Amino acid sequence: MAIGCKVTVEPVLFLYMLAVFMLHPALQDLIYTKVCLQDYNQGICDNLYAPENHAALNTVQTGSSHWVQGSVFMLAVPSIVTAQFLGSWSDTYGRKIPMLLPPVGAMFASLLYIIMSVHLNEIPVSVILLASFISGICGGFTSCIMTCMSYVAQVSSFHARTVRVGILESMIFVGGTIGPLLGGWVQKVGGRSSTFTFIMTCHAAVVIYIVTFVRNIPPRHPPQNSWIRSGCTFQHLRECAGTVVKERQEKRRTYLLWLLTAATIIMICTAGEMDISYLYVKDTPIQWPFEKYTWYFSLKYGLGALALIGILPFCSKVPDMILALIGLTSKLVGLVLLGIAWEDTSVFVSAALAMLSTWPLPTLRSAMSKLVEPNEQGKLFACVALLENACTLVASGVFNSVYPATRLMFRGFTFIMAAGFLILPIIILSVLQKALKQFSKYDSVELAEEAREEFEELDCEREPSPTVQEEVAQSQEESGLVTEGNTENSQIVRAVDDV
């Protein structure tokens, strides 16, 4: 296994997602507390699980679910549009500047959370919607993922891309492992305001790292007009949509649309599970405090990171669709057990069974990036970000509506429902597995290596490592084998040789 893995934007995604996963339980806890305090006194809020406060518990559970849903809506809707511009900008003007907007917006949102936590009783819970909107209009977490993914997809080789994307995706799960534990500890020691201050500091560190260390990748074809004149035109939105629907050789458009469909269902299930898991374990009979939930969350994401960093690189020769199917099976089994969990052990075991559930999305992202050209990576991942935001909205609406409605009948129904949804992508990927394995990848290999060589020419400070050189040689050798005897590509081969 020879995988050239020079650090590029991995710290960007790690620090950003560390802050996001510190924020997720802390924000839900802030909402839970403020919803209770706006209707009840501190004594009732401190003893919600007492039998005489059963009605108050039901009110807080339902109200918190609705405010979480509203926060997700205000984050996702504006970021849907922003992500499309950022994706097209990264292809048109360079990949560095669009990467800066999400952490800048998150810094301002964190400032509002600090003010809300300091003035717990004075400021209404509705201000959370404003903070979510500020983060969303600057792109949100999906735009951060999108800009980092398009960067790595362009600088990685065709053969190493699945592993490189997987390693980058693992930064999300490393952040998910450390974030909740660190956030729980900071909140226990310094209170809510300290937690949100630390989150703002992480976003500031992301901005500093991007400005200082991330090398820009200029566009392969410089734009005719300046950013000021054409940066905010609707042409960028049309180009993002056109990347997905335009006609491609060897049925690649068909494969791309089916992969997007499978990814959409997976993202809905993932977002829905995250939305209700805190309310689920806070309810009877599990009744977890905030700290124990952070332990579970960290274990779940730590195992997911281990699967991406420790196991996936050794599976580099396994087809992408097989890896995705293995991960989907793991996710389905974990959701079923979580849905019928009755005490602490079963909840933690469900996290272990779902360990490989982190594989499907990075392998699908990698597979999709191999179906488009290097100068379309940003637009492709912008479309994926659009779907991710849309899935967050749909999942929040569906799961936060179904959970309160079915909570008294069967608390885990939403997790069983999510497991049922996953059967469809399993069927789709099973059918696509043979088709994607057979189609010619000559053009994809050549384009990927050409784009990567352009980036390496710009990197004047370092020489390519022996591992990278071996990987490029292996890719070129395989490209030659693919085209040997292929008369249709002989003209392309001669042109490449001439260059």
# chains A, B, ... in the order shown; residues from 1 in each chain; ligands from 1
>>> residues_around(residues="Tyr32 in chain A", least_positions_apart="2", cutoff="12 Å", atoms="only C-alpha atoms", output="PyMOL selection string")
chain A and resi 25-30+34-39+45-46+48+56-68+120+125+278-279+282+290
>>> closest_atom_pairs(of="range 229-346 of chain A", to="range 382-402 of chain A", cutoff="8 Å", atoms="only C-alpha atoms", output="Markdown table")
| residue | atom | partner | partner_atom | distance |
| --- | --- | --- | --- | --- |
| A:Cys240 | CA | A:Cys383 | CA | 6.4 |
| A:Ala241 | CA | A:Cys383 | CA | 7.1 |
| A:Val244 | CA | A:Cys383 | CA | 7.7 |
| A:Leu260 | CA | A:Val384 | CA | 7.5 |
| A:Thr264 | CA | A:Leu387 | CA | 6.4 |
| A:Ile265 | CA | A:Cys391 | CA | 7.9 |
| A:Met267 | CA | A:Cys391 | CA | 6.1 |
| A:Ile268 | CA | A:Cys391 | CA | 4.8 |
| A:Cys269 | CA | A:Ala395 | CA | 7.0 |
| A:Ala271 | CA | A:Thr392 | CA | 5.6 |
| A:Gly272 | CA | A:Ala395 | CA | 4.7 |
| A:Glu273 | CA | A:Phe399 | CA | 7.9 |
| A:Asp275 | CA | A:Ser396 | CA | 6.6 |
| A:Ile276 | CA | A:Asn400 | CA | 6.8 |
>>> write_last_selection(atoms="all heavy atoms", output="compact mmCIF listing (two decimals), in the first residue's frame")
# COMPACT_ATOMS: atom_id res chain seq x y z
N CYS A 240 -23.24 24.74 -11.50
CA CYS A 240 -23.28 23.65 -10.51
C CYS A 240 -24.33 22.61 -10.90
O CYS A 240 -24.07 21.41 -10.85
CB CYS A 240 -23.58 24.21 -9.12
SG CYS A 240 -22.20 25.10 -8.38
N ALA A 241 -25.51 23.07 -11.29
CA ALA A 241 -26.56 22.14 -11.70
C ALA A 241 -26.17 21.41 -12.97
O ALA A 241 -26.40 20.20 -13.13
CB ALA A 241 -27.88 22.89 -11.90
N VAL A 244 -24.01 18.12 -12.85
CA VAL A 244 -24.67 16.85 -12.52
C VAL A 244 -25.46 16.30 -13.69
O VAL A 244 -25.46 15.08 -13.94
CB VAL A 244 -25.58 17.03 -11.29
CG1 VAL A 244 -26.38 15.76 -11.01
CG2 VAL A 244 -24.76 17.41 -10.07
N LEU A 260 -25.63 9.82 -6.33
CA LEU A 260 -26.19 10.94 -5.56
C LEU A 260 -27.47 10.53 -4.84
O LEU A 260 -27.71 10.95 -3.70
CB LEU A 260 -26.47 12.12 -6.49
CG LEU A 260 -25.26 12.92 -6.97
CD1 LEU A 260 -25.66 13.89 -8.08
CD2 LEU A 260 -24.62 13.68 -5.81
N THR A 264 -27.89 10.60 -0.84
CA THR A 264 -28.96 11.41 -0.25
C THR A 264 -29.67 10.64 0.86
O THR A 264 -29.91 11.17 1.96
CB THR A 264 -29.97 11.82 -1.33
OG1 THR A 264 -29.31 12.63 -2.30
CG2 THR A 264 -31.14 12.58 -0.73
N ILE A 265 -30.01 9.40 0.60
CA ILE A 265 -30.72 8.59 1.60
C ILE A 265 -29.84 8.38 2.83
O ILE A 265 -30.30 8.47 3.99
CB ILE A 265 -31.15 7.25 1.00
CG1 ILE A 265 -32.10 7.50 -0.17
CG2 ILE A 265 -31.80 6.36 2.05
CD1 ILE A 265 -32.41 6.26 -0.99
N MET A 267 -27.41 10.31 3.91
CA MET A 267 -27.27 11.55 4.66
C MET A 267 -28.53 11.89 5.45
O MET A 267 -28.45 12.45 6.56
CB MET A 267 -26.91 12.69 3.70
CG MET A 267 -25.48 12.60 3.19
SD MET A 267 -24.92 14.03 2.21
CE MET A 267 -25.84 13.77 0.68
N ILE A 268 -29.70 11.56 4.92
CA ILE A 268 -30.94 11.78 5.66
C ILE A 268 -30.93 10.96 6.94
O ILE A 268 -31.26 11.45 8.03
CB ILE A 268 -32.16 11.43 4.79
CG1 ILE A 268 -32.36 12.49 3.70
CG2 ILE A 268 -33.43 11.32 5.65
CD1 ILE A 268 -33.46 12.16 2.72
N CYS A 269 -30.56 9.70 6.83
CA CYS A 269 -30.54 8.82 8.01
C CYS A 269 -29.50 9.28 9.03
O CYS A 269 -29.75 9.25 10.25
CB CYS A 269 -30.25 7.38 7.58
SG CYS A 269 -31.54 6.67 6.54
N ALA A 271 -28.25 12.42 9.46
CA ALA A 271 -28.68 13.66 10.09
C ALA A 271 -29.83 13.43 11.06
O ALA A 271 -29.87 14.03 12.14
CB ALA A 271 -29.08 14.67 9.02
N GLY A 272 -30.76 12.58 10.69
CA GLY A 272 -31.89 12.29 11.57
C GLY A 272 -31.47 11.62 12.86
O GLY A 272 -31.96 11.96 13.95
N GLU A 273 -30.55 10.66 12.75
CA GLU A 273 -30.04 9.99 13.95
C GLU A 273 -29.38 10.98 14.89
O GLU A 273 -29.60 10.96 16.11
CB GLU A 273 -29.03 8.91 13.54
CG GLU A 273 -28.40 8.19 14.72
CD GLU A 273 -27.25 7.29 14.32
OE1 GLU A 273 -26.97 7.18 13.10
OE2 GLU A 273 -26.62 6.72 15.21
N ASP A 275 -29.93 14.18 15.14
CA ASP A 275 -30.89 15.16 15.67
C ASP A 275 -31.62 14.66 16.92
O ASP A 275 -31.89 15.44 17.83
CB ASP A 275 -31.93 15.50 14.58
CG ASP A 275 -31.70 16.88 14.01
OD1 ASP A 275 -30.58 17.40 14.17
OD2 ASP A 275 -32.62 17.44 13.41
N ILE A 276 -31.96 13.39 16.95
CA ILE A 276 -32.80 12.90 18.05
C ILE A 276 -32.06 12.06 19.07
O ILE A 276 -32.66 11.69 20.09
CB ILE A 276 -33.99 12.08 17.49
CG1 ILE A 276 -33.49 10.83 16.79
CG2 ILE A 276 -34.85 12.92 16.57
CD1 ILE A 276 -34.59 9.85 16.45
>>> closest_residue(among="A:Ala307, A:Leu256, A:Ala263, A:Val372", to="Ala435 in chain A", atoms="only C-alpha atoms")
A:Leu256
>>> closest_residue(among="A:Cys138, A:Leu101, A:Leu432, A:Cys144", to="Ile172 in chain A", atoms="only C-alpha atoms")
A:Cys144
>>> select_by_dssp(residues="range 77-310 of chain A", states="alpha helix (DSSP H)", output="MDAnalysis selection string")
chainID A and resid 77:92 101:118 127:137 140:155 161:190 192:213 227:230 235:245 252:282 290:306
>>> residues_around(residues="Met355 in chain A", least_positions_apart="6", cutoff="7 Å", atoms="only C-alpha atoms", output="list in words")
Leu303, Gly304, Ala307 and Ser330 of chain A
>>> write_last_selection(atoms="all heavy atoms", output="short mmCIF file (atom, residue, chain, number, x, y, z; two decimals), in the first residue's frame")
data_model
loop_
_atom_site.label_atom_id
_atom_site.label_comp_id
_atom_site.auth_asym_id
_atom_site.auth_seq_id
_atom_site.Cartn_x
_atom_site.Cartn_y
_atom_site.Cartn_z
N LEU A 303 -14.62 5.31 17.05
CA LEU A 303 -14.61 4.06 16.30
C LEU A 303 -14.74 4.32 14.80
O LEU A 303 -14.10 3.65 13.98
CB LEU A 303 -15.76 3.16 16.78
CG LEU A 303 -15.63 2.61 18.20
CD1 LEU A 303 -16.90 1.87 18.60
CD2 LEU A 303 -14.42 1.68 18.32
N GLY A 304 -15.55 5.33 14.45
CA GLY A 304 -15.67 5.69 13.04
C GLY A 304 -14.37 6.21 12.46
O GLY A 304 -13.99 5.88 11.33
N ALA A 307 -12.01 3.34 11.90
CA ALA A 307 -12.36 2.60 10.69
C ALA A 307 -11.82 3.27 9.44
O ALA A 307 -11.41 2.60 8.48
CB ALA A 307 -13.88 2.45 10.59
N SER A 330 -23.13 -2.33 8.32
CA SER A 330 -22.75 -2.00 9.70
C SER A 330 -23.68 -0.93 10.28
O SER A 330 -24.12 -1.04 11.43
CB SER A 330 -21.30 -1.52 9.72
OG SER A 330 -20.92 -1.05 11.00
#
>>> residues_around(residues="Ser277 in chain A", least_positions_apart="6", cutoff="10 Å", atoms="only C-alpha atoms", output="JSON, numbers by chain")
{"A": [293, 297, 338, 412, 415]}
>>> write_last_selection(atoms="all heavy atoms", output="compact mmCIF listing (two decimals), in the first residue's frame")
# COMPACT_ATOMS: atom_id res chain seq x y z
N TYR A 293 -23.68 11.33 27.71
CA TYR A 293 -23.95 11.40 26.27
C TYR A 293 -22.68 11.76 25.50
O TYR A 293 -22.44 11.24 24.40
CB TYR A 293 -25.03 12.45 26.00
CG TYR A 293 -25.29 12.69 24.53
CD1 TYR A 293 -25.91 11.73 23.74
CD2 TYR A 293 -24.88 13.88 23.92
CE1 TYR A 293 -26.14 11.95 22.39
CE2 TYR A 293 -25.11 14.10 22.57
CZ TYR A 293 -25.74 13.14 21.81
OH TYR A 293 -25.95 13.34 20.47
N PHE A 297 -21.10 9.67 22.40
CA PHE A 297 -20.86 10.35 21.12
C PHE A 297 -19.39 10.22 20.73
O PHE A 297 -19.06 9.95 19.57
CB PHE A 297 -21.24 11.83 21.27
CG PHE A 297 -21.51 12.52 19.97
CD1 PHE A 297 -22.80 12.63 19.49
CD2 PHE A 297 -20.48 13.06 19.23
CE1 PHE A 297 -23.06 13.28 18.29
CE2 PHE A 297 -20.72 13.71 18.04
CZ PHE A 297 -22.02 13.81 17.56
N LEU A 338 -29.77 0.21 18.38
CA LEU A 338 -30.03 1.46 19.09
C LEU A 338 -31.54 1.68 19.26
O LEU A 338 -31.99 2.18 20.30
CB LEU A 338 -29.42 2.63 18.32
CG LEU A 338 -29.54 4.02 18.95
CD1 LEU A 338 -28.87 4.07 20.32
CD2 LEU A 338 -28.95 5.09 18.04
N GLY A 412 -37.92 3.96 20.10
CA GLY A 412 -36.87 3.75 19.11
C GLY A 412 -37.37 3.59 17.69
O GLY A 412 -36.61 3.19 16.81
N PHE A 415 -35.28 5.15 14.77
CA PHE A 415 -34.04 4.47 14.39
C PHE A 415 -34.34 3.24 13.52
O PHE A 415 -33.61 2.96 12.56
CB PHE A 415 -33.26 4.06 15.64
CG PHE A 415 -32.82 5.23 16.48
CD1 PHE A 415 -33.36 5.43 17.74
CD2 PHE A 415 -31.89 6.14 16.00
CE1 PHE A 415 -32.96 6.51 18.51
CE2 PHE A 415 -31.48 7.22 16.77
CZ PHE A 415 -32.02 7.40 18.03
>>> residues_around(residues="Asp91 in chain A", least_positions_apart="5", cutoff="9 Å", atoms="only C-alpha atoms", output="list of chain:residue names")
A:Leu86, A:Ser150, A:Pro218, A:Pro219, A:Arg220, A:Pro374, A:Asn375, A:Glu376, A:Gln377, A:Gly378, A:Lys379
>>> closest_residue(among="A:Leu408, A:Thr162, A:Thr270, A:Leu429", to="Ala367 in chain A", atoms="only C-alpha atoms")
A:Thr162
>>> closest_residue(among="A:Val245, A:Ala83, A:Ala352, A:Leu75", to="Leu306 in chain A", atoms="only C-alpha atoms")
A:Ala352
>>> residues_around(residues="Gly334 in chain A", least_positions_apart="3", cutoff="7 Å", atoms="only C-alpha atoms", output="JSON, numbers by chain")
{"A": [330, 331, 337, 338, 350, 351, 353, 354]}
>>> write_last_selection(atoms="all heavy atoms", output="PDB file, in the first residue's frame")
ATOM      1  N   SER A 330     -23.129  -2.326   8.324  1.00  0.00           N
ATOM      2  CA  SER A 330     -22.749  -2.001   9.700  1.00  0.00           C
ATOM      3  C   SER A 330     -23.681  -0.935  10.281  1.00  0.00           C
ATOM      4  O   SER A 330     -24.122  -1.039  11.433  1.00  0.00           O
ATOM      5  CB  SER A 330     -21.295  -1.515   9.719  1.00  0.00           C
ATOM      6  OG  SER A 330     -20.924  -1.052  10.995  1.00  0.00           O
ATOM      7  N   LYS A 331     -23.988   0.085   9.489  1.00  0.00           N
ATOM      8  CA  LYS A 331     -24.857   1.170   9.956  1.00  0.00           C
ATOM      9  C   LYS A 331     -26.255   0.654  10.244  1.00  0.00           C
ATOM     10  O   LYS A 331     -26.878   1.025  11.246  1.00  0.00           O
ATOM     11  CB  LYS A 331     -24.901   2.271   8.898  1.00  0.00           C
ATOM     12  CG  LYS A 331     -25.618   3.541   9.332  1.00  0.00           C
ATOM     13  CD  LYS A 331     -25.517   4.610   8.267  1.00  0.00           C
ATOM     14  CE  LYS A 331     -26.129   5.933   8.730  1.00  0.00           C
ATOM     15  NZ  LYS A 331     -25.354   6.553   9.801  1.00  0.00           N
ATOM     16  N   LEU A 337     -30.140  -2.001  16.691  1.00  0.00           N
ATOM     17  CA  LEU A 337     -29.872  -2.223  18.112  1.00  0.00           C
ATOM     18  C   LEU A 337     -30.139  -0.955  18.922  1.00  0.00           C
ATOM     19  O   LEU A 337     -30.697  -1.021  20.027  1.00  0.00           O
ATOM     20  CB  LEU A 337     -28.429  -2.687  18.316  1.00  0.00           C
ATOM     21  CG  LEU A 337     -28.033  -2.961  19.778  1.00  0.00           C
ATOM     22  CD1 LEU A 337     -28.956  -3.995  20.413  1.00  0.00           C
ATOM     23  CD2 LEU A 337     -26.586  -3.401  19.880  1.00  0.00           C
ATOM     24  N   LEU A 338     -29.769   0.213  18.379  1.00  0.00           N
ATOM     25  CA  LEU A 338     -30.034   1.459  19.090  1.00  0.00           C
ATOM     26  C   LEU A 338     -31.537   1.684  19.259  1.00  0.00           C
ATOM     27  O   LEU A 338     -31.989   2.179  20.302  1.00  0.00           O
ATOM     28  CB  LEU A 338     -29.416   2.634  18.317  1.00  0.00           C
ATOM     29  CG  LEU A 338     -29.540   4.025  18.950  1.00  0.00           C
ATOM     30  CD1 LEU A 338     -28.871   4.066  20.318  1.00  0.00           C
ATOM     31  CD2 LEU A 338     -28.945   5.092  18.038  1.00  0.00           C
ATOM     32  N   SER A 350     -24.282  -0.680  20.320  1.00  0.00           N
ATOM     33  CA  SER A 350     -24.770  -0.243  19.012  1.00  0.00           C
ATOM     34  C   SER A 350     -23.724   0.622  18.309  1.00  0.00           C
ATOM     35  O   SER A 350     -23.583   0.572  17.084  1.00  0.00           O
ATOM     36  CB  SER A 350     -26.088   0.528  19.169  1.00  0.00           C
ATOM     37  OG  SER A 350     -25.879   1.808  19.730  1.00  0.00           O
ATOM     38  N   ALA A 351     -22.986   1.420  19.081  1.00  0.00           N
ATOM     39  CA  ALA A 351     -21.919   2.234  18.490  1.00  0.00           C
ATOM     40  C   ALA A 351     -20.807   1.359  17.930  1.00  0.00           C
ATOM     41  O   ALA A 351     -20.244   1.648  16.867  1.00  0.00           O
ATOM     42  CB  ALA A 351     -21.370   3.202  19.531  1.00  0.00           C
ATOM     43  N   LEU A 353     -21.136  -1.788  16.836  1.00  0.00           N
ATOM     44  CA  LEU A 353     -21.623  -2.486  15.648  1.00  0.00           C
ATOM     45  C   LEU A 353     -21.663  -1.561  14.424  1.00  0.00           C
ATOM     46  O   LEU A 353     -21.507  -2.024  13.292  1.00  0.00           O
ATOM     47  CB  LEU A 353     -23.021  -3.049  15.918  1.00  0.00           C
ATOM     48  CG  LEU A 353     -23.106  -4.197  16.925  1.00  0.00           C
ATOM     49  CD1 LEU A 353     -24.560  -4.602  17.161  1.00  0.00           C
ATOM     50  CD2 LEU A 353     -22.303  -5.403  16.447  1.00  0.00           C
ATOM     51  N   ALA A 354     -21.860  -0.272  14.663  1.00  0.00           N
ATOM     52  CA  ALA A 354     -21.928   0.700  13.567  1.00  0.00           C
ATOM     53  C   ALA A 354     -20.561   1.298  13.238  1.00  0.00           C
ATOM     54  O   ALA A 354     -20.476   2.322  12.552  1.00  0.00           O
ATOM     55  CB  ALA A 354     -22.908   1.817  13.928  1.00  0.00           C
TER      56      ALA A 354
END
>>> closest_residue(among="A:Tyr209, A:Val336, A:Arg248, A:Met146", to="Glu169 in chain A", atoms="only C-alpha atoms")
A:Met146
>>> decode(residues="range 189-200 of chain A", atoms="all heavy atoms", output="PDB file, in the first residue's frame")
ATOM      1  N   VAL A 189     -15.921  22.410  33.844  1.00  0.00           N
ATOM      2  CA  VAL A 189     -14.934  23.207  34.578  1.00  0.00           C
ATOM      3  C   VAL A 189     -15.265  24.691  34.533  1.00  0.00           C
ATOM      4  O   VAL A 189     -15.196  25.391  35.557  1.00  0.00           O
ATOM      5  CB  VAL A 189     -13.522  22.960  34.000  1.00  0.00           C
ATOM      6  CG1 VAL A 189     -12.506  23.913  34.628  1.00  0.00           C
ATOM      7  CG2 VAL A 189     -13.100  21.515  34.230  1.00  0.00           C
ATOM      8  N   GLY A 190     -15.615  25.198  33.337  1.00  0.00           N
ATOM      9  CA  GLY A 190     -15.768  26.637  33.180  1.00  0.00           C
ATOM     10  C   GLY A 190     -17.164  27.122  32.866  1.00  0.00           C
ATOM     11  O   GLY A 190     -17.396  28.334  32.784  1.00  0.00           O
ATOM     12  N   GLY A 191     -18.114  26.216  32.652  1.00  0.00           N
ATOM     13  CA  GLY A 191     -19.474  26.619  32.340  1.00  0.00           C
ATOM     14  C   GLY A 191     -19.715  26.746  30.845  1.00  0.00           C
ATOM     15  O   GLY A 191     -18.799  26.609  30.026  1.00  0.00           O
ATOM     16  N   ARG A 192     -20.969  27.034  30.481  1.00  0.00           N
ATOM     17  CA  ARG A 192     -21.354  27.089  29.067  1.00  0.00           C
ATOM     18  C   ARG A 192     -20.589  28.159  28.297  1.00  0.00           C
ATOM     19  O   ARG A 192     -20.178  27.947  27.163  1.00  0.00           O
ATOM     20  CB  ARG A 192     -22.859  27.351  28.943  1.00  0.00           C
ATOM     21  CG  ARG A 192     -23.739  26.187  29.333  1.00  0.00           C
ATOM     22  CD  ARG A 192     -25.184  26.474  28.973  1.00  0.00           C
ATOM     23  NE  ARG A 192     -26.046  25.357  29.356  1.00  0.00           N
ATOM     24  CZ  ARG A 192     -26.629  25.235  30.532  1.00  0.00           C
ATOM     25  NH1 ARG A 192     -26.448  26.183  31.448  1.00  0.00           N
ATOM     26  NH2 ARG A 192     -27.396  24.197  30.802  1.00  0.00           N
ATOM     27  N   SER A 193     -20.404  29.317  28.877  1.00  0.00           N
ATOM     28  CA  SER A 193     -19.730  30.399  28.157  1.00  0.00           C
ATOM     29  C   SER A 193     -18.302  30.023  27.792  1.00  0.00           C
ATOM     30  O   SER A 193     -17.807  30.403  26.721  1.00  0.00           O
ATOM     31  CB  SER A 193     -19.745  31.681  29.000  1.00  0.00           C
ATOM     32  OG  SER A 193     -19.078  31.479  30.238  1.00  0.00           O
ATOM     33  N   SER A 194     -17.625  29.264  28.643  1.00  0.00           N
ATOM     34  CA  SER A 194     -16.266  28.816  28.334  1.00  0.00           C
ATOM     35  C   SER A 194     -16.266  27.858  27.142  1.00  0.00           C
ATOM     36  O   SER A 194     -15.357  27.895  26.303  1.00  0.00           O
ATOM     37  CB  SER A 194     -15.641  28.129  29.554  1.00  0.00           C
ATOM     38  OG  SER A 194     -15.545  29.026  30.649  1.00  0.00           O
ATOM     39  N   THR A 195     -17.282  27.009  27.080  1.00  0.00           N
ATOM     40  CA  THR A 195     -17.380  26.083  25.958  1.00  0.00           C
ATOM     41  C   THR A 195     -17.520  26.830  24.634  1.00  0.00           C
ATOM     42  O   THR A 195     -16.806  26.549  23.659  1.00  0.00           O
ATOM     43  CB  THR A 195     -18.585  25.140  26.145  1.00  0.00           C
ATOM     44  OG1 THR A 195     -18.469  24.464  27.398  1.00  0.00           O
ATOM     45  CG2 THR A 195     -18.652  24.122  25.021  1.00  0.00           C
ATOM     46  N   PHE A 196     -18.418  27.784  24.585  1.00  0.00           N
ATOM     47  CA  PHE A 196     -18.626  28.528  23.347  1.00  0.00           C
ATOM     48  C   PHE A 196     -17.431  29.433  23.014  1.00  0.00           C
ATOM     49  O   PHE A 196     -17.151  29.678  21.840  1.00  0.00           O
ATOM     50  CB  PHE A 196     -19.914  29.344  23.449  1.00  0.00           C
ATOM     51  CG  PHE A 196     -21.159  28.488  23.533  1.00  0.00           C
ATOM     52  CD1 PHE A 196     -22.002  28.572  24.622  1.00  0.00           C
ATOM     53  CD2 PHE A 196     -21.465  27.587  22.524  1.00  0.00           C
ATOM     54  CE1 PHE A 196     -23.142  27.780  24.709  1.00  0.00           C
ATOM     55  CE2 PHE A 196     -22.601  26.794  22.600  1.00  0.00           C
ATOM     56  CZ  PHE A 196     -23.439  26.883  23.692  1.00  0.00           C
ATOM     57  N   THR A 197     -16.719  29.904  24.023  1.00  0.00           N
ATOM     58  CA  THR A 197     -15.511  30.681  23.770  1.00  0.00           C
ATOM     59  C   THR A 197     -14.434  29.816  23.135  1.00  0.00           C
ATOM     60  O   THR A 197     -13.739  30.241  22.200  1.00  0.00           O
ATOM     61  CB  THR A 197     -14.975  31.290  25.080  1.00  0.00           C
ATOM     62  OG1 THR A 197     -15.984  32.124  25.661  1.00  0.00           O
ATOM     63  CG2 THR A 197     -13.720  32.113  24.831  1.00  0.00           C
ATOM     64  N   PHE A 198     -14.297  28.597  23.627  1.00  0.00           N
ATOM     65  CA  PHE A 198     -13.316  27.664  23.049  1.00  0.00           C
ATOM     66  C   PHE A 198     -13.687  27.343  21.604  1.00  0.00           C
ATOM     67  O   PHE A 198     -12.820  27.234  20.732  1.00  0.00           O
ATOM     68  CB  PHE A 198     -13.265  26.382  23.894  1.00  0.00           C
ATOM     69  CG  PHE A 198     -12.106  25.492  23.568  1.00  0.00           C
ATOM     70  CD1 PHE A 198     -10.927  25.580  24.277  1.00  0.00           C
ATOM     71  CD2 PHE A 198     -12.188  24.567  22.535  1.00  0.00           C
ATOM     72  CE1 PHE A 198      -9.843  24.753  23.975  1.00  0.00           C
ATOM     73  CE2 PHE A 198     -11.116  23.734  22.228  1.00  0.00           C
ATOM     74  CZ  PHE A 198      -9.942  23.835  22.951  1.00  0.00           C
ATOM     75  N   ILE A 199     -14.982  27.193  21.337  1.00  0.00           N
ATOM     76  CA  ILE A 199     -15.446  26.918  19.977  1.00  0.00           C
ATOM     77  C   ILE A 199     -15.071  28.066  19.042  1.00  0.00           C
ATOM     78  O   ILE A 199     -14.582  27.847  17.924  1.00  0.00           O
ATOM     79  CB  ILE A 199     -16.969  26.690  19.982  1.00  0.00           C
ATOM     80  CG1 ILE A 199     -17.295  25.358  20.665  1.00  0.00           C
ATOM     81  CG2 ILE A 199     -17.534  26.707  18.562  1.00  0.00           C
ATOM     82  CD1 ILE A 199     -18.765  25.154  20.958  1.00  0.00           C
ATOM     83  N   MET A 200     -15.269  29.300  19.488  1.00  0.00           N
ATOM     84  CA  MET A 200     -14.907  30.459  18.674  1.00  0.00           C
ATOM     85  C   MET A 200     -13.400  30.495  18.423  1.00  0.00           C
ATOM     86  O   MET A 200     -12.954  30.866  17.328  1.00  0.00           O
ATOM     87  CB  MET A 200     -15.369  31.745  19.358  1.00  0.00           C
ATOM     88  CG  MET A 200     -15.183  32.985  18.491  1.00  0.00           C
ATOM     89  SD  MET A 200     -15.976  34.478  19.167  1.00  0.00           S
ATOM     90  CE  MET A 200     -14.994  34.731  20.643  1.00  0.00           C
TER      91      MET A 200
END
